[in-house]
Amino acid sequence: MAASDRPTGRSGSLLDLVRDPELKPDWSLSILLVVLLAGGIAIASALGDPERAVFTIFPFLVAVAGGLAAGWRAGLALSLLSVGLVAAAGLFAYSPVTAALGFAAVSLWISVPSRLQPSPAVGPTLMLVYLIAMVTAAPGPGLAISLLFALAAVAVGMLVVPLVTMLRRKTRPAPGAAPVEVVPPTDATMAHVGPPWVPWSWREVIGPVLAAVVMAALTFWHSVTPGFQMPVWVLLTFMVVYQPAHPETVKRSLLRVIGTIIGFAGVLVLGLLPGPLSYALGVAAIVPAIAYSKRSYLLSVAAGAIMVVTLYGAPHGEYLAWGLARTLDTAIGAALAISMSLLVRRITPATAVAGPAQ
């Protein structure tokens, strides 16, 4: 956006707090991810159990997205890693204590600098995969079936990658057109799994360690109160708003709470429309939720809240009760993240980096 096109004065400053003026909504990414989500659901349906779509969506999505972005090896590695996380979540689900320790271990693996730490670009996605698997996976024969569904999604994804690659080659610019520079992944970039590892002091990991303790406690709460949704939504909020820097945690927390309230109000407005239309618009909110994920976290959260409340509240006609409960859960998770971030800030010097990057 040109400087002359930006809002000026106080209104421009306020807008800059809730959106990045340098970024545009990424509608192409939104459409791609929605298609991949639909593909994951279609795989589970084709295998005869649509309810297991939660185990096919992410392996298929990361296989295709990773394969198209960085080559089929990267897509295969990421998708198999997501299957491994699903397996780990199911194995740790045998008791509340093991479930809590498992989530803490995954959190530390993703957030503490090491040679085996995954790239920050995929770390939040892997954490989300584990959270969903932890909530839905159960030990026993059902876990084996879920893993088979996940592996089938990986196989389908690895078939889709070369097909899309071939399609791209067929749609290359005609001779004489300006060539499009494509930089293929090199061995050096493929070998780089995470950020360079350097020795660290205890002050630099106090943030990730305390965050892991909080996540373990919330996981334990969820495990001992089956059917009670509050721990899961508090955990989700804490996980996505807790940032290495305290000011960023505060900003992200406030934007998430405000966005959730806006989204909840939007659902109440949609509820005034005829049922099928209201439900269709609510589900379609996933498109702007993804498109605005980088442009405006506030709008992305608001659209995401509309979709979530529609999907979970609409089947029972409990928009008001369910939406209010989730707004309260979001506020609790945000307050917990701000409090923890403030504590870490007092312990850790300003030059040190603490906390998991989300």
# chains A, B, ... in the order shown; residues from 1 in each chain; ligands from 1
>>> residues_around(residues="A:Phe60", least_positions_apart="3", cutoff="9 Å", atoms="only C-alpha atoms", output="VMD selection string")
chain A and resid 36 to 37 39 to 40 43 56 to 57 63 to 65 79 150 to 158
>>> residues_around(residues="A:Val62", least_positions_apart="5", cutoff="8 Å", atoms="only C-alpha atoms", output="PDB file with N, CA and C atoms, in the first residue's frame")
ATOM      1  N   GLY A  67       4.751 -30.123   0.455  1.00  0.00           N
ATOM      2  CA  GLY A  67       5.329 -30.630  -0.780  1.00  0.00           C
ATOM      3  C   GLY A  67       5.382 -29.591  -1.869  1.00  0.00           C
ATOM      4  N   GLY A  75       7.276 -32.330   2.305  1.00  0.00           N
ATOM      5  CA  GLY A  75       5.877 -32.671   2.537  1.00  0.00           C
ATOM      6  C   GLY A  75       5.732 -34.020   3.216  1.00  0.00           C
ATOM      7  N   LEU A  78       6.960 -33.741   6.957  1.00  0.00           N
ATOM      8  CA  LEU A  78       6.009 -33.041   7.815  1.00  0.00           C
ATOM      9  C   LEU A  78       4.755 -33.869   8.063  1.00  0.00           C
ATOM     10  N   SER A  79       4.262 -34.518   7.028  1.00  0.00           N
ATOM     11  CA  SER A  79       3.043 -35.308   7.184  1.00  0.00           C
ATOM     12  C   SER A  79       3.280 -36.509   8.096  1.00  0.00           C
TER      13      SER A  79
END
>>> residues_around(residues="A:Ile41", least_positions_apart="5", cutoff="12 Å", atoms="only C-alpha atoms", output="MDAnalysis selection string")
chainID A and resid 34:36 46:61 149:150 153
>>> select_by_dssp(residues="stretch 92-289 of chain A", states="helix (DSSP H, G or I)", output="ChimeraX atom specification")
/A:92,96-111,123-136,141-170,187-191,202-224,230-241,246-270,275-284,286-289
